[in-house]
$ cat run_11.cif   # mmCIF, N, CA and C atoms
data_work
#
loop_
_atom_site.label_atom_id
_atom_site.label_comp_id
_atom_site.auth_asym_id
_atom_site.auth_seq_id
_atom_site.Cartn_x
_atom_site.Cartn_y
_atom_site.Cartn_z
N MET A 8 5.10 -10.02 -6.45
CA MET A 8 3.88 -10.11 -5.65
C MET A 8 3.73 -8.88 -4.75
N GLN A 9 4.82 -8.50 -4.07
CA GLN A 9 4.78 -7.36 -3.16
C GLN A 9 4.45 -6.08 -3.93
N ASP A 10 5.05 -5.91 -5.13
CA ASP A 10 4.78 -4.72 -5.94
C ASP A 10 3.31 -4.66 -6.33
N THR A 11 2.72 -5.79 -6.68
CA THR A 11 1.32 -5.83 -7.06
C THR A 11 0.43 -5.42 -5.89
N ARG A 12 0.72 -5.92 -4.69
CA ARG A 12 -0.06 -5.55 -3.51
C ARG A 12 0.06 -4.06 -3.22
N LYS A 13 1.28 -3.54 -3.34
CA LYS A 13 1.52 -2.12 -3.08
C LYS A 13 0.78 -1.27 -4.11
N GLU A 14 0.84 -1.69 -5.37
CA GLU A 14 0.14 -0.97 -6.44
C GLU A 14 -1.37 -0.99 -6.21
N THR A 15 -1.91 -2.15 -5.84
CA THR A 15 -3.33 -2.26 -5.53
C THR A 15 -3.70 -1.36 -4.37
N GLY A 16 -2.84 -1.35 -3.35
CA GLY A 16 -3.08 -0.49 -2.19
C GLY A 16 -3.07 0.99 -2.56
N ASN A 17 -2.10 1.39 -3.38
CA ASN A 17 -2.03 2.79 -3.80
C ASN A 17 -3.24 3.19 -4.62
N GLN A 18 -3.68 2.31 -5.52
CA GLN A 18 -4.87 2.61 -6.33
C GLN A 18 -6.11 2.71 -5.43
N GLY A 19 -6.19 1.83 -4.44
CA GLY A 19 -7.31 1.87 -3.50
C GLY A 19 -7.32 3.16 -2.70
N GLU A 20 -6.14 3.59 -2.26
CA GLU A 20 -6.05 4.84 -1.51
C GLU A 20 -6.40 6.04 -2.39
N ASP A 21 -6.04 5.99 -3.68
CA ASP A 21 -6.44 7.04 -4.61
C ASP A 21 -7.96 7.11 -4.69
N ARG A 22 -8.60 5.96 -4.86
CA ARG A 22 -10.06 5.91 -4.96
C ARG A 22 -10.72 6.38 -3.67
N ALA A 23 -10.17 5.95 -2.54
CA ALA A 23 -10.74 6.35 -1.24
C ALA A 23 -10.59 7.86 -1.04
N SER A 24 -9.45 8.41 -1.42
CA SER A 24 -9.24 9.86 -1.30
C SER A 24 -10.24 10.63 -2.16
N GLU A 25 -10.43 10.18 -3.39
CA GLU A 25 -11.40 10.83 -4.28
C GLU A 25 -12.80 10.75 -3.69
N TYR A 26 -13.16 9.60 -3.15
CA TYR A 26 -14.47 9.41 -2.51
C TYR A 26 -14.65 10.40 -1.36
N LEU A 27 -13.64 10.50 -0.49
CA LEU A 27 -13.73 11.40 0.66
C LEU A 27 -13.87 12.85 0.21
N ILE A 28 -13.10 13.25 -0.77
CA ILE A 28 -13.17 14.62 -1.28
C ILE A 28 -14.57 14.90 -1.83
N GLU A 29 -15.14 13.94 -2.57
CA GLU A 29 -16.50 14.11 -3.09
C GLU A 29 -17.52 14.26 -1.97
N LYS A 30 -17.24 13.64 -0.82
CA LYS A 30 -18.15 13.71 0.33
C LYS A 30 -17.90 14.95 1.20
N GLY A 31 -16.96 15.81 0.80
CA GLY A 31 -16.73 17.05 1.52
C GLY A 31 -15.58 17.03 2.51
N TYR A 32 -14.82 15.94 2.53
CA TYR A 32 -13.66 15.86 3.41
C TYR A 32 -12.48 16.60 2.78
N GLU A 33 -11.60 17.10 3.62
CA GLU A 33 -10.33 17.62 3.16
C GLU A 33 -9.27 16.58 3.50
N VAL A 34 -8.55 16.10 2.51
CA VAL A 34 -7.49 15.12 2.75
C VAL A 34 -6.24 15.88 3.16
N LEU A 35 -5.79 15.66 4.39
CA LEU A 35 -4.62 16.36 4.92
C LEU A 35 -3.32 15.63 4.62
N PHE A 36 -3.32 14.31 4.83
CA PHE A 36 -2.13 13.49 4.63
C PHE A 36 -2.53 12.14 4.07
N ARG A 37 -1.60 11.58 3.31
CA ARG A 37 -1.73 10.19 2.87
C ARG A 37 -0.46 9.47 3.27
N ASN A 38 -0.63 8.23 3.69
CA ASN A 38 0.51 7.38 4.10
C ASN A 38 1.37 8.07 5.16
N TYR A 39 0.71 8.53 6.21
CA TYR A 39 1.43 9.15 7.32
C TYR A 39 2.13 8.04 8.09
N ARG A 40 3.47 8.13 8.17
CA ARG A 40 4.26 7.05 8.78
C ARG A 40 5.03 7.55 10.00
N THR A 41 5.09 6.67 10.99
CA THR A 41 5.98 6.86 12.14
C THR A 41 6.67 5.53 12.38
N LYS A 42 7.51 5.47 13.41
CA LYS A 42 8.15 4.21 13.75
C LYS A 42 7.12 3.16 14.18
N THR A 43 5.99 3.61 14.71
CA THR A 43 5.00 2.67 15.25
C THR A 43 4.00 2.19 14.22
N GLY A 44 3.84 2.90 13.11
CA GLY A 44 2.86 2.44 12.14
C GLY A 44 2.58 3.46 11.06
N GLU A 45 1.51 3.21 10.33
CA GLU A 45 1.11 4.05 9.21
C GLU A 45 -0.39 4.24 9.22
N ILE A 46 -0.82 5.43 8.82
CA ILE A 46 -2.23 5.70 8.61
C ILE A 46 -2.39 6.03 7.14
N ASP A 47 -3.32 5.34 6.48
CA ASP A 47 -3.48 5.50 5.03
C ASP A 47 -3.89 6.92 4.65
N ILE A 48 -4.95 7.43 5.32
CA ILE A 48 -5.45 8.77 5.00
C ILE A 48 -5.81 9.48 6.30
N ILE A 49 -5.39 10.73 6.41
CA ILE A 49 -5.83 11.58 7.51
C ILE A 49 -6.61 12.71 6.87
N SER A 50 -7.86 12.85 7.29
CA SER A 50 -8.73 13.84 6.66
C SER A 50 -9.45 14.66 7.72
N LEU A 51 -10.09 15.72 7.24
CA LEU A 51 -10.81 16.63 8.12
C LEU A 51 -12.19 16.88 7.53
N ILE A 52 -13.20 16.77 8.37
CA ILE A 52 -14.55 17.17 7.98
C ILE A 52 -15.19 17.85 9.17
N ASP A 53 -15.69 19.05 8.93
CA ASP A 53 -16.26 19.87 10.00
C ASP A 53 -15.23 20.01 11.12
N GLU A 54 -15.56 19.58 12.30
CA GLU A 54 -14.66 19.70 13.45
C GLU A 54 -14.04 18.35 13.84
N THR A 55 -13.94 17.44 12.87
CA THR A 55 -13.47 16.09 13.16
C THR A 55 -12.27 15.71 12.30
N ILE A 56 -11.22 15.25 12.97
CA ILE A 56 -10.08 14.64 12.28
C ILE A 56 -10.42 13.16 12.12
N VAL A 57 -10.33 12.67 10.90
CA VAL A 57 -10.69 11.28 10.62
C VAL A 57 -9.44 10.54 10.14
N PHE A 58 -9.10 9.49 10.88
CA PHE A 58 -7.99 8.61 10.52
C PHE A 58 -8.60 7.43 9.79
N VAL A 59 -8.20 7.23 8.54
CA VAL A 59 -8.86 6.26 7.68
C VAL A 59 -7.90 5.13 7.30
N GLU A 60 -8.34 3.91 7.55
CA GLU A 60 -7.65 2.72 7.08
C GLU A 60 -8.36 2.26 5.82
N VAL A 61 -7.62 2.03 4.75
CA VAL A 61 -8.20 1.61 3.47
C VAL A 61 -7.81 0.16 3.22
N LYS A 62 -8.81 -0.66 2.88
CA LYS A 62 -8.57 -2.07 2.56
C LYS A 62 -9.22 -2.38 1.22
N THR A 63 -8.41 -2.83 0.26
CA THR A 63 -8.91 -3.29 -1.03
C THR A 63 -8.93 -4.80 -0.98
N LEU A 64 -10.13 -5.38 -1.01
CA LEU A 64 -10.28 -6.83 -0.80
C LEU A 64 -11.20 -7.44 -1.86
N PRO A 65 -10.73 -7.54 -3.12
CA PRO A 65 -11.60 -8.08 -4.17
C PRO A 65 -12.00 -9.53 -3.94
N ASN A 66 -11.23 -10.27 -3.16
CA ASN A 66 -11.58 -11.66 -2.84
C ASN A 66 -11.86 -11.81 -1.35
N GLY A 67 -12.18 -10.70 -0.70
CA GLY A 67 -12.31 -10.68 0.75
C GLY A 67 -13.63 -11.21 1.27
N THR A 68 -13.62 -11.50 2.56
CA THR A 68 -14.80 -11.93 3.29
C THR A 68 -14.83 -11.14 4.59
N PRO A 69 -15.97 -11.12 5.28
CA PRO A 69 -16.00 -10.45 6.59
C PRO A 69 -14.96 -11.01 7.56
N GLU A 70 -14.71 -12.31 7.49
CA GLU A 70 -13.71 -12.92 8.37
C GLU A 70 -12.31 -12.40 8.05
N LEU A 71 -12.00 -12.28 6.77
CA LEU A 71 -10.70 -11.76 6.36
C LEU A 71 -10.56 -10.31 6.81
N LEU A 72 -11.62 -9.52 6.64
CA LEU A 72 -11.57 -8.13 7.06
C LEU A 72 -11.31 -8.01 8.56
N SER A 73 -11.97 -8.82 9.36
CA SER A 73 -11.74 -8.75 10.81
C SER A 73 -10.32 -9.23 11.15
N HIS A 74 -9.78 -10.13 10.35
CA HIS A 74 -8.41 -10.60 10.59
C HIS A 74 -7.39 -9.52 10.26
N VAL A 75 -7.55 -8.84 9.12
CA VAL A 75 -6.58 -7.83 8.72
C VAL A 75 -6.72 -6.54 9.53
N LEU A 76 -7.84 -6.39 10.23
CA LEU A 76 -8.04 -5.22 11.07
C LEU A 76 -8.22 -5.63 12.52
N ASP A 77 -7.38 -6.55 12.96
CA ASP A 77 -7.49 -7.06 14.32
C ASP A 77 -7.10 -6.01 15.35
N SER A 78 -7.22 -6.34 16.63
CA SER A 78 -6.98 -5.36 17.69
C SER A 78 -5.53 -4.86 17.68
N ARG A 79 -4.59 -5.69 17.28
CA ARG A 79 -3.20 -5.25 17.21
C ARG A 79 -3.03 -4.15 16.16
N LYS A 80 -3.65 -4.33 15.00
CA LYS A 80 -3.59 -3.32 13.94
C LYS A 80 -4.28 -2.03 14.40
N GLN A 81 -5.43 -2.17 15.06
CA GLN A 81 -6.14 -1.00 15.56
C GLN A 81 -5.29 -0.23 16.57
N LYS A 82 -4.64 -0.94 17.48
CA LYS A 82 -3.78 -0.28 18.48
C LYS A 82 -2.64 0.47 17.80
N ARG A 83 -2.08 -0.12 16.75
CA ARG A 83 -1.00 0.54 16.02
C ARG A 83 -1.49 1.83 15.35
N ILE A 84 -2.68 1.77 14.77
CA ILE A 84 -3.26 2.97 14.14
C ILE A 84 -3.51 4.04 15.19
N ILE A 85 -4.06 3.65 16.33
CA ILE A 85 -4.34 4.61 17.41
C ILE A 85 -3.04 5.24 17.92
N LYS A 86 -2.02 4.43 18.10
CA LYS A 86 -0.73 4.95 18.57
C LYS A 86 -0.14 5.93 17.55
N THR A 87 -0.27 5.62 16.28
CA THR A 87 0.22 6.51 15.23
C THR A 87 -0.59 7.80 15.20
N ALA A 88 -1.90 7.69 15.41
CA ALA A 88 -2.76 8.88 15.46
C ALA A 88 -2.36 9.79 16.61
N LYS A 89 -2.03 9.21 17.75
CA LYS A 89 -1.59 10.01 18.90
C LYS A 89 -0.30 10.74 18.57
N ARG A 90 0.60 10.07 17.87
CA ARG A 90 1.85 10.70 17.45
C ARG A 90 1.55 11.87 16.51
N PHE A 91 0.65 11.64 15.57
CA PHE A 91 0.24 12.72 14.65
C PHE A 91 -0.27 13.92 15.43
N LEU A 92 -1.15 13.68 16.39
CA LEU A 92 -1.73 14.78 17.16
C LEU A 92 -0.69 15.50 18.01
N SER A 93 0.32 14.79 18.47
CA SER A 93 1.37 15.47 19.24
C SER A 93 2.28 16.29 18.32
N ASN A 94 2.42 15.88 17.06
CA ASN A 94 3.23 16.62 16.10
C ASN A 94 2.49 17.78 15.44
N TYR A 95 1.16 17.66 15.35
CA TYR A 95 0.33 18.68 14.70
C TYR A 95 -0.71 19.17 15.70
N ARG A 96 -0.23 19.96 16.64
CA ARG A 96 -1.08 20.39 17.75
C ARG A 96 -2.25 21.27 17.32
N GLN A 97 -2.21 21.83 16.13
CA GLN A 97 -3.32 22.66 15.67
C GLN A 97 -4.62 21.87 15.54
N TYR A 98 -4.52 20.54 15.54
CA TYR A 98 -5.72 19.70 15.42
C TYR A 98 -6.20 19.16 16.77
N ASN A 99 -5.54 19.54 17.86
CA ASN A 99 -5.88 18.98 19.18
C ASN A 99 -7.26 19.39 19.67
N ASN A 100 -7.85 20.44 19.12
CA ASN A 100 -9.18 20.86 19.56
C ASN A 100 -10.29 20.22 18.72
N LYS A 101 -9.93 19.28 17.87
CA LYS A 101 -10.91 18.60 17.00
C LYS A 101 -11.37 17.29 17.63
N TYR A 102 -12.54 16.85 17.20
CA TYR A 102 -12.98 15.50 17.54
C TYR A 102 -12.13 14.53 16.73
N ILE A 103 -12.09 13.28 17.17
CA ILE A 103 -11.28 12.25 16.51
C ILE A 103 -12.17 11.07 16.16
N ARG A 104 -11.93 10.53 14.98
CA ARG A 104 -12.70 9.35 14.56
C ARG A 104 -11.79 8.43 13.76
N PHE A 105 -12.04 7.13 13.90
CA PHE A 105 -11.31 6.12 13.14
C PHE A 105 -12.28 5.42 12.21
N ASP A 106 -12.07 5.58 10.91
CA ASP A 106 -12.94 4.99 9.89
C ASP A 106 -12.17 3.93 9.11
N VAL A 107 -12.95 3.09 8.44
CA VAL A 107 -12.39 2.10 7.52
C VAL A 107 -13.14 2.23 6.20
N ILE A 108 -12.40 2.25 5.11
CA ILE A 108 -13.01 2.20 3.78
C ILE A 108 -12.59 0.89 3.15
N VAL A 109 -13.59 0.06 2.82
CA VAL A 109 -13.36 -1.24 2.20
C VAL A 109 -13.72 -1.11 0.73
N LEU A 110 -12.81 -1.54 -0.14
CA LEU A 110 -13.03 -1.44 -1.58
C LEU A 110 -13.15 -2.82 -2.21
N ASP A 111 -14.15 -2.96 -3.06
CA ASP A 111 -14.29 -4.13 -3.95
C ASP A 111 -14.51 -5.46 -3.25
N MET A 112 -14.99 -5.46 -2.01
CA MET A 112 -15.24 -6.73 -1.32
C MET A 112 -16.59 -7.28 -1.76
N PRO A 113 -16.64 -8.55 -2.19
CA PRO A 113 -17.90 -9.15 -2.62
C PRO A 113 -18.97 -9.02 -1.53
N GLY A 114 -20.18 -8.67 -1.97
CA GLY A 114 -21.29 -8.55 -1.04
C GLY A 114 -21.46 -7.16 -0.46
N LEU A 115 -20.52 -6.27 -0.71
CA LEU A 115 -20.61 -4.89 -0.23
C LEU A 115 -20.59 -3.95 -1.43
N PRO A 116 -21.04 -2.69 -1.24
CA PRO A 116 -20.87 -1.71 -2.32
C PRO A 116 -19.39 -1.60 -2.67
N CYS A 117 -19.08 -1.15 -3.89
CA CYS A 117 -17.67 -1.12 -4.31
C CYS A 117 -16.84 -0.21 -3.41
N ILE A 118 -17.44 0.82 -2.83
CA ILE A 118 -16.78 1.63 -1.81
C ILE A 118 -17.68 1.59 -0.58
N TYR A 119 -17.20 0.94 0.46
CA TYR A 119 -17.98 0.77 1.69
C TYR A 119 -17.26 1.51 2.82
N HIS A 120 -17.89 2.58 3.29
CA HIS A 120 -17.28 3.47 4.30
C HIS A 120 -17.90 3.18 5.66
N VAL A 121 -17.07 2.74 6.59
CA VAL A 121 -17.52 2.46 7.95
C VAL A 121 -17.00 3.58 8.85
N GLU A 122 -17.91 4.47 9.26
CA GLU A 122 -17.54 5.55 10.17
C GLU A 122 -17.48 4.98 11.59
N ASN A 123 -16.56 5.52 12.40
CA ASN A 123 -16.39 5.04 13.78
C ASN A 123 -16.22 3.52 13.82
N ALA A 124 -15.37 3.01 12.95
CA ALA A 124 -15.17 1.56 12.85
C ALA A 124 -14.58 0.98 14.13
N PHE A 125 -13.76 1.77 14.82
CA PHE A 125 -13.20 1.32 16.10
C PHE A 125 -12.80 2.54 16.89
N SER A 126 -12.50 2.34 18.15
CA SER A 126 -12.04 3.44 19.00
C SER A 126 -11.09 2.87 20.04
N GLU A 127 -10.44 3.78 20.73
CA GLU A 127 -9.54 3.34 21.79
C GLU A 127 -10.37 2.96 23.00
N LEU A 128 -10.12 1.79 23.51
CA LEU A 128 -10.83 1.34 24.70
C LEU A 128 -10.19 1.98 25.93
N LEU A 129 -11.03 2.45 26.81
CA LEU A 129 -10.50 3.10 28.02
C LEU A 129 -10.25 2.11 29.10
#
$ encode --input "run_11.cif" --output "structure tokens"
Amino acid sequence: MQDTRKETGNQGEDRASEYLIEKGYEVLFRNYRTKTGEIDIISLIDETIVFVEVKTLPNGTPELLSHVLDSRKQKRIIKTAKRFLSNYRQYNNKYIRFDVIVLDMPGLPCIYHVENAFSELL
């Protein structure tokens, strides 16, 4: 079961990366990991670093999506993004954005890109 989920996730990240490249993004990293978490895709477009969470949800609902991307998950992504920026200071002069790409969820386009899906609350 775990292997199937991982394989589905990897295929989804492949599709999301291809989609971003087609839209003019440069994919800098995939599966960036720290002790605090993981970011599926880190990309660059214009003057913006985009941290992308990819969710493949062929049987998903909006409720499931909000559950799998709850505030705890968002905080973990933000903390990991801060670690990335401290390790790769050449990107510190860029704008920052957190996007979500949802794949194969019923009722949505097969690739649904939500720009500025969440941000760090001050």
$ residues_around --input "run_11.cif" --residues "stretch 18-24 of chain A" --least-positions-apart "6" --cutoff "7 Å" --atoms "all atoms listed in the file" --output "PyMOL selection string"
chain A and resi 34+47+61-63+108+110
$ residues_around --input "run_11.cif" --residues "A:Asp53" --least-positions-apart "6" --cutoff "8 Å" --atoms "all atoms listed in the file" --output "PDB file with N, CA and C atoms, in the frame of the given file"
ATOM      1  N   GLY A  31     -16.960  15.810   0.800  1.00  0.00           N
ATOM      2  CA  GLY A  31     -16.730  17.050   1.520  1.00  0.00           C
ATOM      3  C   GLY A  31     -15.580  17.030   2.510  1.00  0.00           C
ATOM      4  N   TYR A  32     -14.820  15.940   2.530  1.00  0.00           N
ATOM      5  CA  TYR A  32     -13.660  15.860   3.410  1.00  0.00           C
ATOM      6  C   TYR A  32     -12.480  16.600   2.780  1.00  0.00           C
ATOM      7  N   GLU A  33     -11.600  17.100   3.620  1.00  0.00           N
ATOM      8  CA  GLU A  33     -10.330  17.620   3.160  1.00  0.00           C
ATOM      9  C   GLU A  33      -9.270  16.580   3.500  1.00  0.00           C
ATOM     10  N   LYS A 101      -9.930  19.280  17.870  1.00  0.00           N
ATOM     11  CA  LYS A 101     -10.910  18.600  17.000  1.00  0.00           C
ATOM     12  C   LYS A 101     -11.370  17.290  17.630  1.00  0.00           C
ATOM     13  N   TYR A 102     -12.540  16.850  17.200  1.00  0.00           N
ATOM     14  CA  TYR A 102     -12.980  15.500  17.540  1.00  0.00           C
ATOM     15  C   TYR A 102     -12.130  14.530  16.730  1.00  0.00           C
TER      16      TYR A 102
END
$ residues_around --input "run_11.cif" --residues "A:Gln97" --least-positions-apart "4" --cutoff "12 Å" --atoms "only C-alpha atoms" --output "PyMOL selection string"
chain A and resi 54+56+91-93+101
$ select_by_dssp --input "run_11.cif" --residues "chain A" --states "helix (DSSP H, G or I)" --output "MDAnalysis selection string"
chainID A and resid 9:29 69:75 78:94 96:98
$ write_last_selection --input "run_11.cif" --atoms "N, CA and C atoms" --output "CSV table (one decimal), keeping the file's coordinate frame"
chain,number,residue,atom,x,y,z
A,9,GLN,N,4.8,-8.5,-4.1
A,9,GLN,CA,4.8,-7.4,-3.2
A,9,GLN,C,4.4,-6.1,-3.9
A,10,ASP,N,5.0,-5.9,-5.1
A,10,ASP,CA,4.8,-4.7,-5.9
A,10,ASP,C,3.3,-4.7,-6.3
A,11,THR,N,2.7,-5.8,-6.7
A,11,THR,CA,1.3,-5.8,-7.1
A,11,THR,C,0.4,-5.4,-5.9
A,12,ARG,N,0.7,-5.9,-4.7
A,12,ARG,CA,-0.1,-5.6,-3.5
A,12,ARG,C,0.1,-4.1,-3.2
A,13,LYS,N,1.3,-3.5,-3.3
A,13,LYS,CA,1.5,-2.1,-3.1
A,13,LYS,C,0.8,-1.3,-4.1
A,14,GLU,N,0.8,-1.7,-5.4
A,14,GLU,CA,0.1,-1.0,-6.4
A,14,GLU,C,-1.4,-1.0,-6.2
A,15,THR,N,-1.9,-2.2,-5.8
A,15,THR,CA,-3.3,-2.3,-5.5
A,15,THR,C,-3.7,-1.4,-4.4
A,16,GLY,N,-2.8,-1.4,-3.4
A,16,GLY,CA,-3.1,-0.5,-2.2
A,16,GLY,C,-3.1,1.0,-2.6
A,17,ASN,N,-2.1,1.4,-3.4
A,17,ASN,CA,-2.0,2.8,-3.8
A,17,ASN,C,-3.2,3.2,-4.6
A,18,GLN,N,-3.7,2.3,-5.5
A,18,GLN,CA,-4.9,2.6,-6.3
A,18,GLN,C,-6.1,2.7,-5.4
A,19,GLY,N,-6.2,1.8,-4.4
A,19,GLY,CA,-7.3,1.9,-3.5
A,19,GLY,C,-7.3,3.2,-2.7
A,20,GLU,N,-6.1,3.6,-2.3
A,20,GLU,CA,-6.0,4.8,-1.5
A,20,GLU,C,-6.4,6.0,-2.4
A,21,ASP,N,-6.0,6.0,-3.7
A,21,ASP,CA,-6.4,7.0,-4.6
A,21,ASP,C,-8.0,7.1,-4.7
A,22,ARG,N,-8.6,6.0,-4.9
A,22,ARG,CA,-10.1,5.9,-5.0
A,22,ARG,C,-10.7,6.4,-3.7
A,23,ALA,N,-10.2,6.0,-2.5
A,23,ALA,CA,-10.7,6.4,-1.2
A,23,ALA,C,-10.6,7.9,-1.0
A,24,SER,N,-9.4,8.4,-1.4
A,24,SER,CA,-9.2,9.9,-1.3
A,24,SER,C,-10.2,10.6,-2.2
A,25,GLU,N,-10.4,10.2,-3.4
A,25,GLU,CA,-11.4,10.8,-4.3
A,25,GLU,C,-12.8,10.8,-3.7
A,26,TYR,N,-13.2,9.6,-3.2
A,26,TYR,CA,-14.5,9.4,-2.5
A,26,TYR,C,-14.6,10.4,-1.4
A,27,LEU,N,-13.6,10.5,-0.5
A,27,LEU,CA,-13.7,11.4,0.7
A,27,LEU,C,-13.9,12.8,0.2
A,28,ILE,N,-13.1,13.2,-0.8
A,28,ILE,CA,-13.2,14.6,-1.3
A,28,ILE,C,-14.6,14.9,-1.8
A,29,GLU,N,-15.1,13.9,-2.6
A,29,GLU,CA,-16.5,14.1,-3.1
A,29,GLU,C,-17.5,14.3,-2.0
A,69,PRO,N,-16.0,-11.1,5.3
A,69,PRO,CA,-16.0,-10.4,6.6
A,69,PRO,C,-15.0,-11.0,7.6
A,70,GLU,N,-14.7,-12.3,7.5
A,70,GLU,CA,-13.7,-12.9,8.4
A,70,GLU,C,-12.3,-12.4,8.0
A,71,LEU,N,-12.0,-12.3,6.8
A,71,LEU,CA,-10.7,-11.8,6.4
A,71,LEU,C,-10.6,-10.3,6.8
A,72,LEU,N,-11.6,-9.5,6.6
A,72,LEU,CA,-11.6,-8.1,7.1
A,72,LEU,C,-11.3,-8.0,8.6
A,73,SER,N,-12.0,-8.8,9.4
A,73,SER,CA,-11.7,-8.8,10.8
A,73,SER,C,-10.3,-9.2,11.2
A,74,HIS,N,-9.8,-10.1,10.4
A,74,HIS,CA,-8.4,-10.6,10.6
A,74,HIS,C,-7.4,-9.5,10.3
A,75,VAL,N,-7.6,-8.8,9.1
A,75,VAL,CA,-6.6,-7.8,8.7
A,75,VAL,C,-6.7,-6.5,9.5
A,78,SER,N,-7.2,-6.3,16.6
A,78,SER,CA,-7.0,-5.4,17.7
A,78,SER,C,-5.5,-4.9,17.7
A,79,ARG,N,-4.6,-5.7,17.3
A,79,ARG,CA,-3.2,-5.2,17.2
A,79,ARG,C,-3.0,-4.2,16.2
A,80,LYS,N,-3.6,-4.3,15.0
A,80,LYS,CA,-3.6,-3.3,13.9
A,80,LYS,C,-4.3,-2.0,14.4
A,81,GLN,N,-5.4,-2.2,15.1
A,81,GLN,CA,-6.1,-1.0,15.6
A,81,GLN,C,-5.3,-0.2,16.6
A,82,LYS,N,-4.6,-0.9,17.5
A,82,LYS,CA,-3.8,-0.3,18.5
A,82,LYS,C,-2.6,0.5,17.8
A,83,ARG,N,-2.1,-0.1,16.8
A,83,ARG,CA,-1.0,0.5,16.0
A,83,ARG,C,-1.5,1.8,15.4
A,84,ILE,N,-2.7,1.8,14.8
A,84,ILE,CA,-3.3,3.0,14.1
A,84,ILE,C,-3.5,4.0,15.2
A,85,ILE,N,-4.1,3.6,16.3
A,85,ILE,CA,-4.3,4.6,17.4
A,85,ILE,C,-3.0,5.2,17.9
A,86,LYS,N,-2.0,4.4,18.1
A,86,LYS,CA,-0.7,5.0,18.6
A,86,LYS,C,-0.1,5.9,17.6
A,87,THR,N,-0.3,5.6,16.3
A,87,THR,CA,0.2,6.5,15.2
A,87,THR,C,-0.6,7.8,15.2
A,88,ALA,N,-1.9,7.7,15.4
A,88,ALA,CA,-2.8,8.9,15.5
A,88,ALA,C,-2.4,9.8,16.6
A,89,LYS,N,-2.0,9.2,17.8
A,89,LYS,CA,-1.6,10.0,18.9
A,89,LYS,C,-0.3,10.7,18.6
A,90,ARG,N,0.6,10.1,17.9
A,90,ARG,CA,1.8,10.7,17.4
A,90,ARG,C,1.6,11.9,16.5
A,91,PHE,N,0.6,11.6,15.6
A,91,PHE,CA,0.2,12.7,14.6
A,91,PHE,C,-0.3,13.9,15.4
A,92,LEU,N,-1.2,13.7,16.4
A,92,LEU,CA,-1.7,14.8,17.2
A,92,LEU,C,-0.7,15.5,18.0
A,93,SER,N,0.3,14.8,18.5
A,93,SER,CA,1.4,15.5,19.2
A,93,SER,C,2.3,16.3,18.3
A,94,ASN,N,2.4,15.9,17.1
A,94,ASN,CA,3.2,16.6,16.1
A,94,ASN,C,2.5,17.8,15.4
A,96,ARG,N,-0.2,20.0,16.6
A,96,ARG,CA,-1.1,20.4,17.8
A,96,ARG,C,-2.2,21.3,17.3
A,97,GLN,N,-2.2,21.8,16.1
A,97,GLN,CA,-3.3,22.7,15.7
A,97,GLN,C,-4.6,21.9,15.5
A,98,TYR,N,-4.5,20.5,15.5
A,98,TYR,CA,-5.7,19.7,15.4
A,98,TYR,C,-6.2,19.2,16.8
$ resolve_selection --input "run_11.cif" --expression "the PyMOL selection byres (((chain A and resi 48 and name CA) around 7) and name CA)" --output "PyMOL selection string"
chain A and resi 36-38+46-47+49-50+58-60
$ atom_distance --input "run_11.cif" --atom1 "atom CA of A:Asp111" --atom2 "atom CA of A:Pro65"
4.8 Å
$ axis_aligned_box --input "run_11.cif" --around "stretch 92-100 of chain A" --padding-each-side "6 Å" --output "JSON"
{"center_x": -3.5, "center_y": 18.2, "center_z": 17.2, "size_x": 25.5, "size_y": 21.0, "size_z": 17.0}
$ resolve_selection --input "run_11.cif" --expression "the PyMOL selection byres ((chain A and resi 124) around 8)" --output "list of chain:residue names"
A:Arg104, A:Phe105, A:Asp106, A:Val107, A:His120, A:Val121, A:Glu122, A:Asn123, A:Phe125, A:Ser126
$ atom_distance --input "run_11.cif" --atom1 "atom CA of A:Leu76" --atom2 "atom CA of A:Glu127"
13.8 Å
$ atom_distance --input "run_11.cif" --atom1 "atom CA of A:Lys30" --atom2 "atom CA of A:Thr55"
13.9 Å
$ select_by_dssp --input "run_11.cif" --residues "chain A" --states "strand (DSSP E)" --output "NGL selection string"
:A and (33-40 or 45-52 or 55-63 or 102-110 or 118-125)
$ closest_residue --input "run_11.cif" --among "A:Gly16, A:Thr11, A:Gly67, A:Leu35" --to "A:Gly114" --atoms "all atoms listed in the file"
A:Gly67
$ residues_around --input "run_11.cif" --residues "A:Arg83" --least-positions-apart "2" --cutoff "8 Å" --atoms "only C-alpha atoms" --output "list in words"
Thr43, Gly44, Glu45, Arg79, Lys80, Gln81, Ile85, Lys86 and Thr87 of chain A
